[in-house]
Each structure stands twice: as structure tokens, then as C-alpha cells.
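Colleague: This is the structure, below, for whatever I ask next.
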Amino acid sequence: HKAFSMCLAHLAVVSLFVSTTMVAYLKPPSISSPALDLVMAVLYSVVSPSLNHLIYSMKNKELSTLLPLVLVNKLPIH
């Protein structure tokens, strides 16, 4: 079960990486806009690598129990 969840998370990151690449290179020039290019660049260069680090850090038991608490503001951050 745990191996499948890690594999599924990695597949999600790879699919995000590949899909942003495909959109960037295969979109017709008629729908090209600077805003869309910026969004694709951020997804391609920032979000994918960040998600990969998040996936590997979730292997840490302590972090994986604290992260949901931080996300719902139940744990104060100093």
C-alpha cells in the first residue's frame, strides 16, 4: 500500500511535468499569450521540483504527522 502511494505521487509529478511541456511546445501560436507562458514556466520549473521534494519528505514519519496540523492551522508556527 505504501509503495503504491509513493508511486502514484511520483506519477502525478511526472504527468504534471510532461503535460506542461506538451502544452508549452504543442499549443497553437494563435492562443499564445505572455500570461499563459508565465504560468507554464512556473509549473514546469518551480512546482514540479517542489512537489518532488515534498513527496520524499513525506517519508519522514514526524513530518507526515505534523503537516496536516500545520495546513489546517491547528499547530502554531513560531
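Residue numbering restarts at 1 for every chain of the C-alpha cells, chains are lettered A, B, ... in their displayed order, and ligands are numbered from 1 as they appear.
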Find the residues around region 13-29 of chain A up to 8 Å (only C-alpha atoms counted), leave out those fewer than 4 positions away in its own chain, and share them as a list in words.

Modeller: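 Those residues are Ala9, Asp37, Met40, Leu43, Tyr44, Ser48, Leu51 and Asn52 of chain A.
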
Colleague: Which of chain A counts as alpha helix (DSSP H) under DSSP, as number ranges by chain please?

Modeller: A: 2-26, 34-42, 48-57, 61-71

Colleague: To one decimal place, how far is CA of Ile55 (chain A) from CA of Val42 (chain A) in Å?

Modeller: 18.7 Å

Colleague: One number please: CA of Ser50 (chain A) to CA of Ser32 (chain A), in Å, one decimal.

Modeller: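 Those two atoms sit 26.1 Å apart.
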
Colleague: State, in Å with one decimal place, the distance from CA of Pro49 (chain A) to CA of Leu11 (chain A).

Modeller: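 Those two atoms sit 13.1 Å apart.
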
Colleague: Which neighbours of Ser64 (chain A) fall inside 10 Å, counting only C-alpha atoms, when residues of the same chain fewer than 6 positions from it are skipped, and could you give them as number ranges by chain?

Modeller: A: 54-55, 57-58
